Structure formats: structure tokens, C-alpha cells
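Taking it in order: structure first as C-alpha cells, then the write-up.
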Amino acid sequence: MMDNEILDKYRRAGKILAEVRSAAVNRVKVGASLLEVAEFVENSIREQGGQPAFPCNISRNDEAAHATPSSNDKSLFGEDMVKLDIGVHVEGYIADTAVTVDLGDNPELVEASEVALKNAIQLIRAGVSTADIGAVIEESINEFGYKPVANLAGHGLDRYVQHAPPSIPNRRVEHGIILREGDVIAIEPFATNGAGHVSEGGITEIYRLEKLKSVRLPAARKLLEDIKEYKTLPFTKRWLPQTRLNFVLKQLEAMGVVCPYPVLKEDAGGLISQAEHTVIIESDGCQIITML
Ligand code: CO
């Protein structure tokens, strides 16, 4: 069993997250600015005593994840299927949640990922295999006539590590991992009316420190100092000084110092919905920490 003080930090992160998420959802409207919503989310997290565990992801329509506005982004919401994926950490202990706001007219696609998440959570307790969770998620989404996104998965959470083992599949798999009491995991079904598979698109706004190396170029050394603030968590270009940023980031990427998170898009251009909560595994169930 995990230290109670640590679990309290996870719960604190989850509470901040639940509050920020519900305030953010009200700001996602046709004609509203994506950049304003992202900054509202990240600033609210800091005001409440947490830190963003990763940049506020605002992915629309056939984008599944890793989209976030650039520092001078002028995009406004249209009649989009909007996924807000938000993370908070308290001293490195992360809570992760996502919600779909449908500004178009596809309520059943939104419901499919929500029901899949609910059914998965009902099943979760110590001793359950991640394979059983994946099967329930796939069945639930199929019942709505949609597909899960097969190559996206939920994940464990560790201190300053957003994607830790075990992976929580969104589809039937042969071999799972048995969940243990005290594990902290994020479950995040994605449902689509497309092919059920995503690939990396052309745009990257989000990166993560991959490996610290000594860097000669002074500008790169300076940028690396700024990046180190985010430890091993994802950050975005928007959070960094903008001077020669693209040039220097490319160099760090080529050296393997940072790794990119390109926007992920549905292969057939299908719409994608997503629902996500973070839970702490208990002997007879689980505690959802990202719910008010
Ligand atoms: Co997640």
C-alpha cells in the first residue's frame, strides 16, 4: 500500500483538476478562443496551488491528442468535437482527466466513450487484469456502433512520469497485467466513427525532456535550463522564451535531448471522442480522484 501522504497529494491534484475541468468546459463555445481556454486552464491550476502536469490539450474533431494552441494562436472553436485533456501535479504526483465537449451534433459518439469509461471503472479493483478492462471498453464502444482507437491507451502514473506502466488498453488484448492495491492509473477510452487508429500529424507544439546531455551552443544551453523546470513532464513551446525557439528546439530534438509529441489524427478522418479519469486502486474497487 502506498504512503498516505503520497495518496493525499494525488487526491489534491485530482480535486484541483476536477474544479478546473468543470470551469473550463463552460468556456468551450463556438467563437471562443482556443488559446484563451488553454491559458485559463493552466493559470487556474497554478492559482489553486497545483502545476500543469502537461500543456492543456485541446484536440478537435479527427485530432485525438497532443494539440495545444501556439503562443500567437488565433483559432476559434467552430461546431467541433472538442477534447480537453488536462493534467495537474502536486509535487510531481499527477492526476489526469479528459472530457469531450460536443459543439456539433454527435451526442452518441460522446456517450460511447463516457459509458466505456464508466463500465471500466465499475470493473476496477485490485486483482483485475488490464486485459479485462480493455475488453469492456471495446465492447461498450462497439455497442454504440463505433470503434475504440486501438493504438491509444490509458496508463499508470508515477512521480513526474505521465505515462508509466501498466498500459490500460482500449481494446481486447491477449495478455494483461494484474492491478494492485495502491496503483494510480488513468483510464481513457477514445471512440471514433473512423478507422479506429491514429497516426502522427505534421504539427508539434508539445515536447518532453528525453535525455540530459551537455550542449555546446549557448542558446541551446539556455533553453535547456528553461526546459529542466518541467523535469520529465511534457511542456509546450508556448511556455518558453520565443527567441529562435524553433531553431534551437530542432537542434535539441536532433541530439535526442527532447522528444516531440506530434498531434495524433484519426487515419480515416473520423471524429473522435474521449473520456478520462484517474483512479486509485483499492482492494474492493477504486477511488476516482478526478471527480468533484
Ligand atoms: Co492520460
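By convention in this document, the chains of the C-alpha cells carry letters A, B, ... by their order, each chain's residues are numbered from 1, and ligands are numbered from 1 in the order they are shown.
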Hey, which residues come within 8 Å of ligand 1 if we count only C-alpha atoms and all ligand atoms? Could you give them as an mmCIF file with N, CA and C atoms, in the first residue's frame?
```cif
data_model
loop_
_atom_site.group_PDB
_atom_site.id
_atom_site.type_symbol
_atom_site.label_atom_id
_atom_site.label_comp_id
_atom_site.auth_asym_id
_atom_site.auth_seq_id
_atom_site.Cartn_x
_atom_site.Cartn_y
_atom_site.Cartn_z
ATOM 1 N N ASP A 85 -7.984 17.688 -22.538
ATOM 2 C CA ASP A 85 -7.240 16.703 -21.741
ATOM 3 C C ASP A 85 -6.295 17.500 -20.853
ATOM 4 N N GLY A 87 -3.963 17.907 -17.086
ATOM 5 C CA GLY A 87 -3.246 17.227 -16.005
ATOM 6 C C GLY A 87 -2.773 18.219 -14.958
ATOM 7 N N ASP A 96 -4.901 13.092 -14.040
ATOM 8 C CA ASP A 96 -5.060 13.262 -15.485
ATOM 9 C C ASP A 96 -6.543 13.028 -15.802
ATOM 10 N N THR A 97 -7.158 13.953 -16.537
ATOM 11 C CA THR A 97 -8.572 13.787 -16.869
ATOM 12 C C THR A 97 -8.857 14.356 -18.244
ATOM 13 N N ALA A 98 -9.879 13.850 -18.895
ATOM 14 C CA ALA A 98 -10.283 14.408 -20.187
ATOM 15 C C ALA A 98 -11.790 14.356 -20.310
ATOM 16 N N GLY A 154 -4.859 3.944 -21.919
ATOM 17 C CA GLY A 154 -4.685 4.547 -20.606
ATOM 18 C C GLY A 154 -3.321 4.119 -20.066
ATOM 19 N N HIS A 155 -3.013 4.549 -18.837
ATOM 20 C CA HIS A 155 -1.636 4.378 -18.376
ATOM 21 C C HIS A 155 -1.546 4.525 -16.861
ATOM 22 N N GLN A 162 4.252 10.919 -16.637
ATOM 23 C CA GLN A 162 2.839 10.939 -17.018
ATOM 24 C C GLN A 162 2.390 9.611 -17.602
ATOM 25 N N HIS A 163 3.264 8.944 -18.332
ATOM 26 C CA HIS A 163 2.884 7.654 -18.919
ATOM 27 C C HIS A 163 3.779 6.555 -18.358
ATOM 28 N N ALA A 186 -4.696 6.053 -15.031
ATOM 29 C CA ALA A 186 -5.627 6.869 -15.806
ATOM 30 C C ALA A 186 -6.247 5.972 -16.868
ATOM 31 N N ILE A 187 -7.576 5.987 -16.918
ATOM 32 C CA ILE A 187 -8.292 5.195 -17.918
ATOM 33 C C ILE A 187 -8.869 6.173 -18.916
ATOM 34 N N GLU A 188 -8.580 5.964 -20.199
ATOM 35 C CA GLU A 188 -9.034 6.947 -21.177
ATOM 36 C C GLU A 188 -9.477 6.330 -22.495
ATOM 37 N N GLU A 276 -11.851 10.519 -19.663
ATOM 38 C CA GLU A 276 -10.731 10.032 -18.852
ATOM 39 C C GLU A 276 -10.889 10.432 -17.391
#
```
Near A:Ser59, within 9 Å and counting only C-alpha atoms, which residues show up once chain neighbours fewer than 4 positions away are dropped, as an mmCIF file with N, CA, C and O atoms, in the first residue's frame?
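File produced: part-v5.cif:
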```
data_model
loop_
_atom_site.group_PDB
_atom_site.id
_atom_site.type_symbol
_atom_site.label_atom_id
_atom_site.label_comp_id
_atom_site.auth_asym_id
_atom_site.auth_seq_id
_atom_site.Cartn_x
_atom_site.Cartn_y
_atom_site.Cartn_z
ATOM 1 N N GLU A 63 -8.612 15.035 -34.527
ATOM 2 C CA GLU A 63 -7.414 15.032 -33.675
ATOM 3 C C GLU A 63 -7.757 14.267 -32.387
ATOM 4 O O GLU A 63 -8.786 14.526 -31.768
ATOM 5 N N ALA A 64 -6.854 13.353 -32.002
ATOM 6 C CA ALA A 64 -7.105 12.576 -30.789
ATOM 7 C C ALA A 64 -6.435 13.221 -29.580
ATOM 8 O O ALA A 64 -7.002 13.256 -28.497
ATOM 9 N N ALA A 65 -5.219 13.721 -29.766
ATOM 10 C CA ALA A 65 -4.442 14.216 -28.627
ATOM 11 C C ALA A 65 -3.247 15.031 -29.099
ATOM 12 O O ALA A 65 -2.910 15.035 -30.287
ATOM 13 N N HIS A 66 -2.619 15.697 -28.142
ATOM 14 C CA HIS A 66 -1.355 16.432 -28.307
ATOM 15 C C HIS A 66 -1.499 17.745 -29.078
ATOM 16 O O HIS A 66 -0.503 18.326 -29.501
ATOM 17 N N ALA A 67 -2.718 18.215 -29.276
ATOM 18 C CA ALA A 67 -2.885 19.547 -29.866
ATOM 19 C C ALA A 67 -2.978 20.552 -28.721
ATOM 20 O O ALA A 67 -3.698 20.331 -27.750
ATOM 21 N N THR A 68 -2.220 21.627 -28.832
ATOM 22 C CA THR A 68 -2.349 22.738 -27.880
ATOM 23 C C THR A 68 -2.065 24.013 -28.660
ATOM 24 O O THR A 68 -1.262 24.001 -29.604
ATOM 25 N N MET A 81 -16.004 18.773 -32.379
ATOM 26 C CA MET A 81 -15.963 17.820 -31.268
ATOM 27 C C MET A 81 -14.645 18.094 -30.546
ATOM 28 O O MET A 81 -13.572 17.807 -31.059
ATOM 29 N N VAL A 82 -14.763 18.690 -29.343
ATOM 30 C CA VAL A 82 -13.586 19.203 -28.633
ATOM 31 C C VAL A 82 -13.217 18.278 -27.475
ATOM 32 O O VAL A 82 -14.067 17.947 -26.646
ATOM 33 N N LYS A 83 -11.958 17.852 -27.437
ATOM 34 C CA LYS A 83 -11.457 17.084 -26.301
ATOM 35 C C LYS A 83 -10.536 17.973 -25.479
ATOM 36 O O LYS A 83 -9.551 18.499 -26.000
ATOM 37 N N LEU A 84 -10.879 18.167 -24.210
ATOM 38 C CA LEU A 84 -9.978 18.847 -23.272
ATOM 39 C C LEU A 84 -9.306 17.759 -22.456
ATOM 40 O O LEU A 84 -9.985 16.993 -21.770
ATOM 41 N N ASP A 85 -7.984 17.688 -22.538
ATOM 42 C CA ASP A 85 -7.240 16.703 -21.741
ATOM 43 C C ASP A 85 -6.295 17.500 -20.853
ATOM 44 O O ASP A 85 -5.448 18.244 -21.338
ATOM 45 N N VAL A 263 0.807 16.061 -33.034
ATOM 46 C CA VAL A 263 -0.643 15.876 -32.939
ATOM 47 C C VAL A 263 -1.003 14.517 -33.545
ATOM 48 O O VAL A 263 -0.473 14.133 -34.589
ATOM 49 N N LEU A 264 -1.878 13.773 -32.871
ATOM 50 C CA LEU A 264 -2.322 12.469 -33.366
ATOM 51 C C LEU A 264 -3.679 12.625 -34.044
ATOM 52 O O LEU A 264 -4.606 13.191 -33.458
#
```
request  = Just give me the gap between atom CA of A:Leu223 and atom CA of A:Glu253 in Å, one decimal is fine.
outcome  =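 Interatomic distance, atom CA of A:Leu223 to atom CA of A:Glu253: 12.2 Å.
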inquiry  = So that I can see what lies close to A:Gly14, please list as JSON, numbers by chain the residues with an atom at most 10 Å from it, counting only C-alpha atoms and leaving out residues fewer than 6 positions away in the same chain.
reply    = {"A": [8, 20, 50, 87, 88, 89, 90, 93, 94, 95, 96, 97, 277, 278, 279, 288, 289, 290, 291, 292]}
key: Separation of atom CA of A:Ile206 from atom CA of A:Glu39 in Å   =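 That distance, rounded to one decimal, is 14.9 Å.
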query = What residues in stretch 198-287 of chain A get the DSSP label helix (DSSP H, G or I)? Please answer as a ChimeraX atom specification.
reply = /A:218-228,237-239,245-254
File dump, residues just selected, N, CA, C and O atoms, as a compact mmCIF listing (two decimals), in the first residue's frame:
```txt
# COMPACT_ATOMS: atom_id res chain seq x y z
N PRO A 218 25.39 28.08 -26.91
CA PRO A 218 24.87 28.80 -25.75
C PRO A 218 23.34 28.94 -25.74
O PRO A 218 22.73 28.79 -24.69
N ALA A 219 22.76 29.20 -26.90
CA ALA A 219 21.29 29.37 -26.96
C ALA A 219 20.59 28.07 -26.57
O ALA A 219 19.55 28.08 -25.90
N ALA A 220 21.18 26.94 -26.96
CA ALA A 220 20.59 25.64 -26.63
C ALA A 220 20.75 25.35 -25.14
O ALA A 220 19.86 24.81 -24.48
N ARG A 221 21.92 25.75 -24.62
CA ARG A 221 22.18 25.54 -23.19
C ARG A 221 21.18 26.35 -22.35
O ARG A 221 20.65 25.88 -21.37
N LYS A 222 20.92 27.56 -22.80
CA LYS A 222 19.99 28.45 -22.10
C LYS A 222 18.57 27.88 -22.14
O LYS A 222 17.86 27.85 -21.14
N LEU A 223 18.17 27.41 -23.32
CA LEU A 223 16.82 26.84 -23.46
C LEU A 223 16.68 25.60 -22.58
O LEU A 223 15.64 25.38 -21.94
N LEU A 224 17.72 24.81 -22.54
CA LEU A 224 17.70 23.58 -21.74
C LEU A 224 17.47 23.91 -20.26
O LEU A 224 16.76 23.18 -19.56
N GLU A 225 18.04 25.02 -19.79
CA GLU A 225 17.81 25.44 -18.40
C GLU A 225 16.32 25.70 -18.16
O GLU A 225 15.78 25.32 -17.13
N ASP A 226 15.67 26.35 -19.13
CA ASP A 226 14.23 26.61 -19.00
C ASP A 226 13.43 25.31 -19.04
O ASP A 226 12.45 25.14 -18.31
N ILE A 227 13.84 24.40 -19.90
CA ILE A 227 13.11 23.14 -20.07
C ILE A 227 13.21 22.27 -18.82
O ILE A 227 12.26 21.57 -18.44
N LYS A 228 14.36 22.34 -18.14
CA LYS A 228 14.59 21.49 -16.96
C LYS A 228 13.57 21.75 -15.85
O LYS A 228 13.31 20.88 -15.02
N LYS A 237 5.90 24.80 -26.46
CA LYS A 237 6.66 25.95 -26.94
C LYS A 237 6.12 27.26 -26.36
O LYS A 237 6.86 28.19 -26.09
N ARG A 238 4.81 27.30 -26.16
CA ARG A 238 4.13 28.48 -25.60
C ARG A 238 4.70 28.87 -24.23
O ARG A 238 4.61 30.02 -23.83
N TRP A 239 5.26 27.92 -23.49
CA TRP A 239 5.76 28.19 -22.13
C TRP A 239 7.20 28.67 -22.13
O TRP A 239 7.77 28.94 -21.07
N LEU A 245 13.28 30.09 -30.97
CA LEU A 245 12.84 28.87 -30.29
C LEU A 245 12.80 27.66 -31.23
O LEU A 245 13.33 26.59 -30.89
N ASN A 246 12.18 27.81 -32.41
CA ASN A 246 12.04 26.65 -33.30
C ASN A 246 13.39 26.10 -33.72
O ASN A 246 13.61 24.88 -33.72
N PHE A 247 14.30 27.00 -34.03
CA PHE A 247 15.64 26.60 -34.46
C PHE A 247 16.37 25.80 -33.37
O PHE A 247 16.91 24.72 -33.61
N VAL A 248 16.33 26.34 -32.16
CA VAL A 248 17.07 25.71 -31.06
C VAL A 248 16.41 24.39 -30.63
O VAL A 248 17.09 23.40 -30.37
N LEU A 249 15.08 24.39 -30.60
CA LEU A 249 14.36 23.15 -30.24
C LEU A 249 14.69 22.03 -31.23
O LEU A 249 14.88 20.87 -30.83
N LYS A 250 14.74 22.37 -32.51
CA LYS A 250 15.09 21.38 -33.55
C LYS A 250 16.45 20.75 -33.27
O LYS A 250 16.65 19.55 -33.45
N GLN A 251 17.39 21.59 -32.84
CA GLN A 251 18.73 21.08 -32.53
C GLN A 251 18.68 20.11 -31.34
O GLN A 251 19.30 19.05 -31.37
N LEU A 252 17.95 20.51 -30.30
CA LEU A 252 17.84 19.64 -29.13
C LEU A 252 17.14 18.33 -29.50
O LEU A 252 17.48 17.26 -28.99
N GLU A 253 16.18 18.43 -30.40
CA GLU A 253 15.47 17.23 -30.86
C GLU A 253 16.43 16.31 -31.63
O GLU A 253 16.46 15.10 -31.41
N ALA A 254 17.21 16.90 -32.52
CA ALA A 254 18.16 16.12 -33.34
C ALA A 254 19.20 15.42 -32.46
O ALA A 254 19.66 14.32 -32.77
```
request  = May I have all residues of stretch 33-188 of chain A that DSSP, computed from the backbone, assigns to strand (DSSP E), given as a ChimeraX atom specification?
outcome  = /A:51-60,63-65,81-90,93-102,147-148,153-158,161-169,184-187
Could you take the residues named above and write them with C-alpha atoms, as a CSV table (one decimal), in the first residue's frame?
```
chain,number,residue,atom,x,y,z
A,51,GLN,CA,1.1,22.8,-11.5
A,52,PRO,CA,0.0,21.7,-15.0
A,53,ALA,CA,1.3,18.2,-15.4
A,54,PHE,CA,1.3,18.8,-19.2
A,55,PRO,CA,0.1,21.6,-21.5
A,56,CYS,CA,-3.7,21.8,-21.8
A,57,ASN,CA,-4.5,19.6,-24.8
A,58,ILE,CA,-7.3,21.0,-26.9
A,59,SER,CA,-7.8,18.4,-29.7
A,60,ARG,CA,-10.7,18.9,-32.2
A,63,GLU,CA,-7.4,15.0,-33.7
A,64,ALA,CA,-7.1,12.6,-30.8
A,65,ALA,CA,-4.4,14.2,-28.6
A,81,MET,CA,-16.0,17.8,-31.3
A,82,VAL,CA,-13.6,19.2,-28.6
A,83,LYS,CA,-11.5,17.1,-26.3
A,84,LEU,CA,-10.0,18.8,-23.3
A,85,ASP,CA,-7.2,16.7,-21.7
A,86,ILE,CA,-5.8,18.3,-18.6
A,87,GLY,CA,-3.2,17.2,-16.0
A,88,VAL,CA,-2.3,18.6,-12.6
A,89,HIS,CA,0.6,17.6,-10.4
A,90,VAL,CA,1.3,18.4,-6.8
A,93,TYR,CA,2.1,13.4,-8.2
A,94,ILE,CA,-0.2,13.6,-11.2
A,95,ALA,CA,-3.9,13.5,-11.9
A,96,ASP,CA,-5.1,13.3,-15.5
A,97,THR,CA,-8.6,13.8,-16.9
A,98,ALA,CA,-10.3,14.4,-20.2
A,99,VAL,CA,-13.8,15.4,-21.3
A,100,THR,CA,-15.4,15.8,-24.7
A,101,VAL,CA,-17.4,19.0,-25.4
A,102,ASP,CA,-19.5,18.4,-28.5
A,147,LYS,CA,-14.7,1.7,-32.7
A,148,PRO,CA,-12.2,2.3,-30.0
A,153,ALA,CA,-4.2,3.5,-24.2
A,154,GLY,CA,-4.7,4.5,-20.6
A,155,HIS,CA,-1.6,4.4,-18.4
A,156,GLY,CA,-0.2,4.3,-14.9
A,157,LEU,CA,1.0,7.5,-13.3
A,158,ASP,CA,4.3,7.9,-11.4
A,161,VAL,CA,6.1,10.5,-15.1
A,162,GLN,CA,2.8,10.9,-17.0
A,163,HIS,CA,2.9,7.7,-18.9
A,164,ALA,CA,4.1,4.9,-16.6
A,165,PRO,CA,3.3,1.2,-16.8
A,166,PRO,CA,0.9,-0.5,-16.8
A,167,SER,CA,-0.7,0.4,-20.2
A,168,ILE,CA,-4.5,0.2,-20.0
A,169,PRO,CA,-5.7,-1.0,-23.4
A,184,VAL,CA,-2.7,5.0,-9.6
A,185,ILE,CA,-3.9,4.7,-13.2
A,186,ALA,CA,-5.6,6.9,-15.8
A,187,ILE,CA,-8.3,5.2,-17.9
```
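Residues surrounding A:Ser273 within 7 Å are A:Lys83, A:Thr100, A:Leu109, A:Val110, A:Ser113, A:Phe190, A:Ala191, A:Thr192 [only C-alpha atoms; sequence separation below 5 positions excluded].
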Only N, CA, C and O atoms, please: the residues just picked out, written as a CSV table (one decimal), in the first residue's frame.
```
chain,number,residue,atom,x,y,z
A,83,LYS,N,-12.0,17.9,-27.4
A,83,LYS,CA,-11.5,17.1,-26.3
A,83,LYS,C,-10.5,18.0,-25.5
A,83,LYS,O,-9.6,18.5,-26.0
A,100,THR,N,-15.1,15.4,-23.3
A,100,THR,CA,-15.4,15.8,-24.7
A,100,THR,C,-16.5,16.8,-24.6
A,100,THR,O,-17.5,16.6,-23.9
A,109,LEU,N,-21.6,9.6,-30.0
A,109,LEU,CA,-20.2,9.4,-30.0
A,109,LEU,C,-19.6,9.8,-28.7
A,109,LEU,O,-18.7,9.1,-28.1
A,110,VAL,N,-20.1,10.9,-28.1
A,110,VAL,CA,-19.6,11.3,-26.8
A,110,VAL,C,-20.0,10.3,-25.7
A,110,VAL,O,-19.2,9.9,-24.9
A,113,SER,N,-17.7,7.0,-25.4
A,113,SER,CA,-16.5,6.9,-24.6
A,113,SER,C,-16.8,7.1,-23.1
A,113,SER,O,-16.2,6.5,-22.2
A,190,PHE,N,-11.1,6.1,-26.1
A,190,PHE,CA,-11.4,7.0,-27.2
A,190,PHE,C,-12.3,6.3,-28.2
A,190,PHE,O,-12.0,5.1,-28.5
A,191,ALA,N,-13.4,6.9,-28.6
A,191,ALA,CA,-14.3,6.3,-29.5
A,191,ALA,C,-14.3,7.1,-30.8
A,191,ALA,O,-14.1,8.3,-30.8
A,192,THR,N,-14.5,6.3,-32.0
A,192,THR,CA,-14.4,7.0,-33.3
A,192,THR,C,-15.4,6.4,-34.2
A,192,THR,O,-15.7,5.2,-34.2
```
task = Figure out the distance between atom CA of A:Ala32 and atom CA of A:Arg46, please, to one decimal in Å.
result =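 Answer for the atom CA of A:Arg46 to atom CA of A:Ala32 separation: 22.1 Å.
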Skipping near chain neighbours, those fewer than 4 positions away, what residues fall within 10 Å of A:Val173 using only C-alpha atoms, listed as a short mmCIF file (atom, residue, chain, number, x, y, z; two decimals) with all heavy atoms, in the first residue's frame?
```
data_model
loop_
_atom_site.label_atom_id
_atom_site.label_comp_id
_atom_site.auth_asym_id
_atom_site.auth_seq_id
_atom_site.Cartn_x
_atom_site.Cartn_y
_atom_site.Cartn_z
N THR A 130 -5.67 -5.89 -16.74
CA THR A 130 -5.89 -4.79 -17.70
C THR A 130 -6.53 -5.33 -18.99
O THR A 130 -7.19 -4.57 -19.70
CB THR A 130 -4.55 -4.10 -18.04
OG1 THR A 130 -3.64 -5.08 -18.54
CG2 THR A 130 -3.96 -3.41 -16.83
N ALA A 131 -6.35 -6.62 -19.27
CA ALA A 131 -6.98 -7.21 -20.46
C ALA A 131 -8.50 -7.17 -20.33
O ALA A 131 -9.21 -6.92 -21.31
CB ALA A 131 -6.50 -8.64 -20.66
N ASP A 132 -9.01 -7.42 -19.11
CA ASP A 132 -10.46 -7.38 -18.89
C ASP A 132 -10.99 -5.96 -19.05
O ASP A 132 -12.11 -5.75 -19.53
CB ASP A 132 -10.81 -7.92 -17.50
CG ASP A 132 -10.44 -9.40 -17.36
OD1 ASP A 132 -10.43 -10.09 -18.40
OD2 ASP A 132 -10.14 -9.83 -16.24
N ILE A 133 -10.21 -4.98 -18.62
CA ILE A 133 -10.62 -3.58 -18.77
C ILE A 133 -10.71 -3.23 -20.25
O ILE A 133 -11.69 -2.64 -20.71
CB ILE A 133 -9.63 -2.64 -18.04
CG1 ILE A 133 -9.59 -2.99 -16.55
CG2 ILE A 133 -10.02 -1.19 -18.24
CD1 ILE A 133 -8.50 -2.25 -15.78
N GLY A 134 -9.69 -3.63 -21.01
CA GLY A 134 -9.69 -3.36 -22.45
C GLY A 134 -10.90 -3.98 -23.15
O GLY A 134 -11.52 -3.35 -24.01
N ALA A 135 -11.23 -5.20 -22.76
CA ALA A 135 -12.36 -5.90 -23.39
C ALA A 135 -13.66 -5.16 -23.12
O ALA A 135 -14.50 -4.99 -24.01
CB ALA A 135 -12.43 -7.34 -22.88
N PRO A 169 -5.24 -0.97 -22.04
CA PRO A 169 -5.69 -0.99 -23.44
C PRO A 169 -7.15 -0.57 -23.58
O PRO A 169 -7.96 -0.73 -22.66
CB PRO A 169 -5.51 -2.45 -23.84
CG PRO A 169 -5.53 -3.21 -22.56
CD PRO A 169 -4.96 -2.31 -21.52
#
```
ask   = Which neighbours of A:Val37 fall inside 8 Å, counting only C-alpha atoms, when residues of the same chain fewer than 5 positions from it are skipped, and could you give them as a list in words?
value = Ala24, Arg27, Val28 and Ala32 of chain A
task = Name all residues at most 8 Å from A:Ile281 (count only C-alpha atoms; drop same-chain ones fewer than 3 positions away) and give them as a PyMOL selection string.
result = chain A and resi 124-126+179-185+285-287
